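Note: the block below is input-v7.tsv and it holds TSV, C-alpha atoms.
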chain	number	residue	atom	x	y	z
N	1	MET	CA	-71.79	18.61	-69.41
N	2	LYS	CA	-70.82	16.60	-66.31
N	3	LYS	CA	-70.06	13.60	-68.49
N	4	THR	CA	-67.78	15.72	-70.70
N	5	ILE	CA	-65.84	17.08	-67.70
N	6	THR	CA	-65.54	13.61	-66.18
N	7	LEU	CA	-64.28	12.20	-69.46
N	8	LEU	CA	-61.67	14.94	-69.81
N	9	LEU	CA	-60.45	14.39	-66.24
N	10	MET	CA	-60.15	10.67	-66.86
N	11	MET	CA	-58.19	11.32	-70.03
N	12	VAL	CA	-55.78	13.68	-68.23
N	13	LEU	CA	-55.21	11.19	-65.41
N	14	PHE	CA	-54.66	8.40	-67.91
N	15	CYS	CA	-52.16	10.56	-69.75
N	16	ARG	CA	-50.28	11.30	-66.52
N	17	VAL	CA	-49.98	7.59	-65.74
N	18	VAL	CA	-49.18	6.35	-69.25
N	19	GLY	CA	-47.24	9.32	-70.61
N	20	GLN	CA	-45.04	10.12	-67.60
N	21	PRO	CA	-41.56	8.68	-68.23
N	22	ASP	CA	-40.50	5.94	-65.82
N	23	LEU	CA	-37.06	7.18	-64.76
N	24	LYS	CA	-36.19	3.93	-62.99
N	25	ALA	CA	-37.06	1.88	-66.03
N	26	THR	CA	-35.02	4.09	-68.35
N	27	GLN	CA	-31.98	4.49	-66.13
N	28	SER	CA	-28.81	3.07	-67.62
N	29	CYS	CA	-25.90	1.57	-65.70
N	30	ASP	CA	-22.33	0.99	-66.74
N	31	SER	CA	-18.83	0.58	-65.32
N	32	MET	CA	-15.35	1.90	-66.00
N	33	GLN	CA	-12.09	0.20	-65.08
N	34	THR	CA	-8.74	1.81	-64.40
N	35	THR	CA	-6.06	-0.86	-64.02
N	36	PHE	CA	-5.19	-3.82	-61.81
N	37	ALA	CA	-1.48	-3.63	-62.52
N	38	GLY	CA	-0.55	-2.79	-58.92
N	39	GLY	CA	3.11	-1.97	-58.47
N	40	ASN	CA	2.68	-0.01	-55.24
N	41	TYR	CA	0.45	-0.05	-52.19
N	42	LEU	CA	-0.61	1.72	-49.01
N	43	ARG	CA	-3.68	1.72	-46.79
N	44	GLY	CA	-5.58	4.37	-48.73
N	45	ASN	CA	-6.03	6.05	-52.09
N	46	MET	CA	-7.77	9.34	-52.97
N	47	PHE	CA	-8.96	10.25	-56.45
N	48	ASP	CA	-11.44	12.46	-58.30
N	49	ILE	CA	-14.26	11.51	-60.64
N	50	VAL	CA	-15.67	14.15	-63.01
N	51	ALA	CA	-19.28	13.63	-64.15
N	52	LEU	CA	-19.93	14.61	-67.76
N	53	HIS	CA	-23.63	14.36	-66.92
N	54	THR	CA	-25.27	13.52	-63.61
N	55	VAL	CA	-24.25	10.09	-62.39
N	56	THR	CA	-24.85	7.99	-59.29
N	57	ILE	CA	-21.71	6.15	-58.24
N	58	LYS	CA	-23.10	2.84	-57.03
N	59	THR	CA	-20.07	0.95	-55.73
N	60	PHE	CA	-16.49	-0.06	-56.50
N	61	GLU	CA	-14.42	-3.10	-57.17
N	62	ILE	CA	-10.97	-2.71	-55.61
N	63	HIS	CA	-7.48	-4.26	-55.73
N	64	LEU	CA	-6.93	-5.77	-52.30
N	65	ALA	CA	-3.90	-7.67	-50.99
N	66	ASP	CA	-5.20	-9.12	-47.70
N	67	THR	CA	-8.47	-9.53	-45.83
N	68	ALA	CA	-9.47	-6.15	-44.46
N	69	ASN	CA	-12.21	-3.80	-43.41
N	70	ILE	CA	-12.80	-1.14	-46.07
N	71	LYS	CA	-14.07	2.40	-45.67
N	72	VAL	CA	-15.18	4.66	-48.52
N	73	TYR	CA	-15.34	8.41	-47.93
N	74	PHE	CA	-16.83	11.02	-50.26
N	75	HIS	CA	-17.23	14.73	-50.79
N	76	LEU	CA	-18.25	16.97	-53.71
N	77	GLY	CA	-15.28	18.78	-55.15
N	78	THR	CA	-11.68	17.72	-55.60
N	79	TYR	CA	-9.74	15.93	-52.90
N	80	LEU	CA	-6.87	18.41	-53.35
N	81	GLY	CA	-6.43	20.44	-50.20
N	82	THR	CA	-8.48	18.05	-48.05
N	83	GLU	CA	-6.08	15.11	-47.84
N	84	ASN	CA	-5.58	15.51	-44.07
N	85	ILE	CA	-8.92	17.14	-43.20
N	86	ASP	CA	-11.26	14.38	-42.09
N	87	THR	CA	-14.11	16.85	-41.40
N	88	ALA	CA	-14.24	17.68	-45.12
N	89	TRP	CA	-15.38	14.14	-45.87
N	90	THR	CA	-18.43	12.01	-45.15
N	91	LEU	CA	-18.29	8.27	-44.63
N	92	ALA	CA	-20.16	6.67	-47.53
N	93	ALA	CA	-19.82	3.01	-46.51
N	94	THR	CA	-18.00	0.53	-44.31
N	95	PHE	CA	-17.38	-3.01	-45.55
N	96	LEU	CA	-16.32	-5.62	-42.99
N	97	HIS	CA	-14.05	-8.63	-43.54
N	98	ILE	CA	-13.57	-8.27	-47.28
N	99	TYR	CA	-11.63	-11.20	-48.70
N	100	PRO	CA	-9.26	-10.40	-51.58
N	101	SER	CA	-9.28	-11.94	-55.02
N	102	ALA	CA	-6.00	-13.00	-56.62
N	103	PHE	CA	-3.49	-10.33	-57.54
N	104	GLY	CA	-4.58	-8.49	-60.66
N	105	GLN	CA	-8.23	-9.43	-60.11
N	106	PRO	CA	-11.02	-7.16	-58.81
N	107	THR	CA	-12.46	-7.61	-55.34
N	108	LYS	CA	-16.15	-6.73	-55.21
N	109	LEU	CA	-17.59	-4.57	-52.46
N	110	PRO	CA	-20.87	-6.24	-51.48
N	111	TYR	CA	-23.40	-3.38	-51.50
N	112	ASN	CA	-24.06	0.03	-53.02
N	113	PHE	CA	-23.34	3.39	-51.39
N	114	ASN	CA	-25.02	5.53	-54.11
N	115	LYS	CA	-23.22	8.89	-54.24
N	116	ILE	CA	-24.50	11.44	-56.79
N	117	ILE	CA	-22.14	13.67	-58.78
N	118	PRO	CA	-24.09	16.36	-60.67
N	119	ALA	CA	-23.30	17.10	-64.30
N	120	GLY	CA	-20.06	18.99	-64.78
N	121	GLN	CA	-18.97	18.59	-61.17
N	122	THR	CA	-16.20	16.62	-59.47
N	123	GLY	CA	-16.63	14.07	-56.70
N	124	ALA	CA	-13.73	12.94	-54.52
N	125	PHE	CA	-13.36	9.46	-53.07
N	126	TYR	CA	-11.05	8.09	-50.41
N	127	VAL	CA	-10.93	4.30	-50.45
N	128	THR	CA	-8.97	2.89	-47.53
N	129	THR	CA	-8.42	-0.15	-45.37
N	130	THR	CA	-8.45	0.16	-41.59
N	131	SER	CA	-5.91	-2.57	-40.94
N	132	THR	CA	-2.40	-1.92	-39.65
N	133	SER	CA	-0.74	-3.15	-42.84
N	134	ALA	CA	-0.54	-1.51	-46.24
N	135	ASN	CA	-2.77	-3.76	-48.31
N	136	LEU	CA	-4.52	-1.66	-50.93
N	137	TYR	CA	-2.80	-1.85	-54.31
N	138	TYR	CA	-2.45	1.13	-56.61
N	139	SER	CA	-0.06	2.11	-59.41
N	140	ASN	CA	2.42	4.93	-59.85
N	141	GLY	CA	1.05	7.65	-62.11
N	142	THR	CA	2.49	10.31	-64.37
N	143	SER	CA	0.76	13.54	-63.30
N	144	GLN	CA	-1.56	14.27	-60.38
N	145	GLY	CA	-4.95	15.33	-61.70
N	146	ALA	CA	-4.36	13.93	-65.18
N	147	VAL	CA	-7.18	11.94	-66.78
N	148	TYR	CA	-6.32	8.26	-66.50
N	149	ALA	CA	-9.59	6.63	-67.61
N	150	GLN	CA	-12.63	8.08	-69.36
N	151	ASN	CA	-15.77	7.32	-71.32
N	152	SER	CA	-18.81	9.31	-72.41
N	153	ASP	CA	-20.10	9.54	-68.82
N	154	VAL	CA	-17.20	10.06	-66.42
N	155	LEU	CA	-13.51	10.92	-66.15
N	156	LEU	CA	-11.29	9.37	-63.48
N	157	LEU	CA	-8.21	11.38	-62.53
N	158	GLU	CA	-4.85	10.34	-61.12
N	159	GLY	CA	-4.82	10.91	-57.38
N	160	CYS	CA	-2.69	10.19	-54.35
N	161	GLY	CA	-1.88	7.52	-51.83
N	162	ILE	CA	-2.52	8.45	-48.20
N	163	ASP	CA	-2.49	6.48	-44.99
N	164	TYR	CA	-5.53	5.77	-42.83
N	165	PRO	CA	-7.11	7.81	-41.38
N	166	PHE	CA	-6.16	10.90	-43.43
N	167	LEU	CA	-2.59	10.66	-42.14
N	168	GLY	CA	0.80	11.71	-43.42
N	169	THR	CA	2.12	13.33	-46.56
N	170	PRO	CA	0.24	12.28	-49.73
N	171	HIS	CA	2.18	10.13	-52.19
N	172	THR	CA	1.62	11.48	-55.70
N	173	PRO	CA	0.75	10.77	-58.39
N	174	ARG	CA	-1.01	7.45	-57.80
N	175	ILE	CA	-3.55	5.61	-59.94
N	176	TRP	CA	-6.38	3.97	-58.05
N	177	ASN	CA	-6.72	0.31	-59.07
N	178	GLY	CA	-10.36	-0.59	-59.48
N	179	LYS	CA	-13.65	-0.47	-61.30
N	180	VAL	CA	-16.34	2.20	-60.90
N	181	LYS	CA	-19.96	1.07	-61.17
N	182	TYR	CA	-22.45	3.83	-61.83
N	183	CYS	CA	-25.91	4.65	-63.21
N	184	TYR	CA	-27.36	7.64	-65.03
N	185	THR	CA	-30.50	8.82	-66.80
N	186	PRO	CA	-29.93	9.06	-70.56
N	187	VAL	CA	-30.05	12.58	-71.96
N	188	GLY	CA	-33.50	13.52	-73.28
N	189	ILE	CA	-35.56	11.13	-71.17
N	190	ASP	CA	-36.91	13.95	-69.02
N	191	GLU	CA	-37.68	16.26	-71.93
N	192	MET	CA	-41.19	14.88	-72.39
N	193	SER	CA	-43.57	17.49	-71.01
N	194	LEU	CA	-46.78	16.62	-69.22
N	195	GLU	CA	-48.19	19.92	-70.42
N	196	THR	CA	-47.65	18.82	-74.01
N	197	LEU	CA	-49.10	15.40	-73.31
N	198	GLU	CA	-52.19	16.80	-71.64
N	199	SER	CA	-52.88	19.45	-74.24
N	200	ALA	CA	-52.68	16.88	-76.98
N	201	ILE	CA	-55.75	15.02	-75.72
N	202	TYR	CA	-58.14	17.97	-75.40
N	203	PRO	CA	-60.69	18.17	-78.21
N	204	ASN	CA	-60.61	21.15	-80.53
N	205	PRO	CA	-63.60	23.41	-79.61
Reformat the file's structure so that it appears as structure tokens.
Amino acid sequence: MKKTITLLLMMVLFCRVVGQPDLKATQSCDSMQTTFAGGNYLRGNMFDIVALHTVTIKTFEIHLADTANIKVYFHLGTYLGTENIDTAWTLAATFLHIYPSAFGQPTKLPYNFNKIIPAGQTGAFYVTTTSTSANLYYSNGTSQGAVYAQNSDVLLLEGCGIDYPFLGTPHTPRIWNGKVKYCYTPVGIDEMSLETLESAIYPNP
């Protein structure tokens, strides 16, 4: 009897280890680019990203004119109505002495800030330089809040230009120039049930 119980326990533990999905191993990562056309510039740009399923925004590549310190702010929900309210935002990352690539080329931010946007929700970002000159390129848009870029994971909406820090009247509509890097767990990977796995190994009495 003891041997039978021990064997069953070993089988259950084995099933937990082998059958449990490895979320890290199955996580997928991708990127989405807007444009690097430029055409206008300021010190900061706000925009919204809508998650079609839960995503982790890892980092950005930006369109930078001169060497600068970069700050990235974030909050869940749209940026609309919070353009001049610094307390509505949290600082996601600060990047020091970022050197620009050539015009029309992406400038990589060197590490991840990892902000989660749950499925069906909107996350707002404010990407800005802290220098005294206007050196962050963006492009003139057509309609504030319109979808500018999209794929099966995220939508990126036309936003506004606004000075640092959260100063002045927003310039709208403006298209953030850059690339979004993000990761997500493919749909269905967490549907495997441990209860199903465990029950499958018990012998029929």
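Close contacts of N:Cys29, defined as residues with an atom at most 10 Å away when counting only C-alpha atoms, with chain neighbours fewer than 4 positions off set aside, comprise Val55, Thr56, Ile57, Lys58, Lys181, Tyr182, Cys183, Tyr184, Thr185 and Pro186 of chain N.
Here the question is which of N:Thr129, N:Asn40, N:Thr67, N:Thr122 gets nearest to N:Leu156 using only C-alpha atoms, and that residue is N:Thr122.
Each of N:Tyr137, N:Phe60, N:Ile49, N:Gln27 was compared to N:Pro118 using only C-alpha atoms, and N:Ile49 turns out to be the nearest.
Closest approach to N:Ser31 among N:Glu158, N:Asp86, N:Gly104, N:Asp153: N:Asp153, based on only C-alpha atoms.
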- In Å, with one decimal, what is the gap from atom CA of N:Asn69 to atom CA of N:Ala146?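 Going from atom CA of N:Asn69 over to atom CA of N:Ala146 covers 29.2 Å.
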- Message: Under the rule that only C-alpha atoms are counted, which of N:Gln150, N:Thr78, N:Thr90, N:Thr59 is the nearest residue to N:Asn112?
- Response: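 Smallest distance to N:Asn112 is found for N:Thr59.
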Could I get stretch 152-184 of chain N rebuilt with N, CA and C atoms, written as a tab-separated table (two decimals), keeping the file's coordinate frame?
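Listing of rebuild-v4.tsv after writing:
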chain	number	residue	atom	x	y	z
N	152	SER	N	-17.87	8.23	-72.10
N	152	SER	CA	-18.81	9.31	-72.41
N	152	SER	C	-19.56	9.81	-71.18
N	153	ASP	N	-19.36	9.18	-70.03
N	153	ASP	CA	-20.10	9.54	-68.82
N	153	ASP	C	-19.23	10.17	-67.74
N	154	VAL	N	-18.04	9.63	-67.53
N	154	VAL	CA	-17.20	10.06	-66.42
N	154	VAL	C	-15.72	10.09	-66.81
N	155	LEU	N	-14.96	10.91	-66.08
N	155	LEU	CA	-13.51	10.92	-66.15
N	155	LEU	C	-12.98	10.53	-64.78
N	156	LEU	N	-11.94	9.70	-64.74
N	156	LEU	CA	-11.29	9.37	-63.48
N	156	LEU	C	-9.86	9.88	-63.53
N	157	LEU	N	-9.48	10.67	-62.52
N	157	LEU	CA	-8.21	11.38	-62.53
N	157	LEU	C	-7.18	10.68	-61.63
N	158	GLU	N	-5.92	10.85	-61.97
N	158	GLU	CA	-4.85	10.34	-61.12
N	158	GLU	C	-4.88	11.07	-59.78
N	159	GLY	N	-4.71	10.32	-58.71
N	159	GLY	CA	-4.82	10.91	-57.38
N	159	GLY	C	-3.58	10.73	-56.54
N	160	CYS	N	-3.80	10.34	-55.28
N	160	CYS	CA	-2.69	10.19	-54.35
N	160	CYS	C	-2.90	9.00	-53.44
N	161	GLY	N	-1.81	8.51	-52.88
N	161	GLY	CA	-1.88	7.52	-51.83
N	161	GLY	C	-1.76	8.23	-50.49
N	162	ILE	N	-2.58	7.83	-49.53
N	162	ILE	CA	-2.52	8.45	-48.20
N	162	ILE	C	-2.94	7.44	-47.16
N	163	ASP	N	-2.27	7.48	-46.03
N	163	ASP	CA	-2.49	6.48	-44.99
N	163	ASP	C	-3.81	6.72	-44.26
N	164	TYR	N	-4.27	5.69	-43.60
N	164	TYR	CA	-5.53	5.77	-42.83
N	164	TYR	C	-5.22	6.16	-41.39
N	165	PRO	N	-6.02	7.02	-40.77
N	165	PRO	CA	-7.11	7.81	-41.38
N	165	PRO	C	-6.64	9.23	-41.69
N	166	PHE	N	-6.53	9.57	-42.97
N	166	PHE	CA	-6.16	10.90	-43.43
N	166	PHE	C	-4.80	11.34	-42.85
N	167	LEU	N	-3.86	10.42	-42.82
N	167	LEU	CA	-2.59	10.66	-42.14
N	167	LEU	C	-1.42	10.80	-43.11
N	168	GLY	N	-0.47	11.65	-42.73
N	168	GLY	CA	0.80	11.71	-43.42
N	168	GLY	C	0.78	12.54	-44.69
N	169	THR	N	1.95	12.59	-45.31
N	169	THR	CA	2.12	13.33	-46.56
N	169	THR	C	1.61	12.49	-47.73
N	170	PRO	N	0.76	13.05	-48.59
N	170	PRO	CA	0.24	12.28	-49.73
N	170	PRO	C	1.37	11.86	-50.67
N	171	HIS	N	1.26	10.64	-51.18
N	171	HIS	CA	2.18	10.13	-52.19
N	171	HIS	C	1.55	10.37	-53.56
N	172	THR	N	2.22	11.13	-54.41
N	172	THR	CA	1.62	11.48	-55.70
N	172	THR	C	2.64	11.31	-56.82
N	173	PRO	N	2.15	11.12	-58.05
N	173	PRO	CA	0.75	10.77	-58.39
N	173	PRO	C	0.54	9.25	-58.27
N	174	ARG	N	-0.67	8.88	-57.93
N	174	ARG	CA	-1.01	7.45	-57.80
N	174	ARG	C	-2.31	7.17	-58.54
N	175	ILE	N	-2.36	6.02	-59.18
N	175	ILE	CA	-3.55	5.61	-59.94
N	175	ILE	C	-4.30	4.58	-59.13
N	176	TRP	N	-5.53	4.92	-58.77
N	176	TRP	CA	-6.38	3.97	-58.05
N	176	TRP	C	-6.63	2.74	-58.92
N	177	ASN	N	-6.42	1.56	-58.36
N	177	ASN	CA	-6.72	0.31	-59.07
N	177	ASN	C	-8.15	-0.11	-58.75
N	178	GLY	N	-9.00	-0.17	-59.76
N	178	GLY	CA	-10.36	-0.59	-59.48
N	178	GLY	C	-11.32	-0.39	-60.63
N	179	LYS	N	-12.57	-0.64	-60.34
N	179	LYS	CA	-13.65	-0.47	-61.30
N	179	LYS	C	-14.76	0.34	-60.64
N	180	VAL	N	-15.24	1.35	-61.36
N	180	VAL	CA	-16.34	2.20	-60.90
N	180	VAL	C	-17.63	1.68	-61.51
N	181	LYS	N	-18.63	1.45	-60.68
N	181	LYS	CA	-19.96	1.07	-61.17
N	181	LYS	C	-20.91	2.23	-60.91
N	182	TYR	N	-21.64	2.64	-61.94
N	182	TYR	CA	-22.45	3.83	-61.83
N	182	TYR	C	-23.70	3.71	-62.69
N	183	CYS	N	-24.68	4.58	-62.42
N	183	CYS	CA	-25.91	4.65	-63.21
N	183	CYS	C	-26.20	6.11	-63.55
N	184	TYR	N	-27.00	6.30	-64.59
N	184	TYR	CA	-27.36	7.64	-65.03
N	184	TYR	C	-28.66	7.56	-65.82
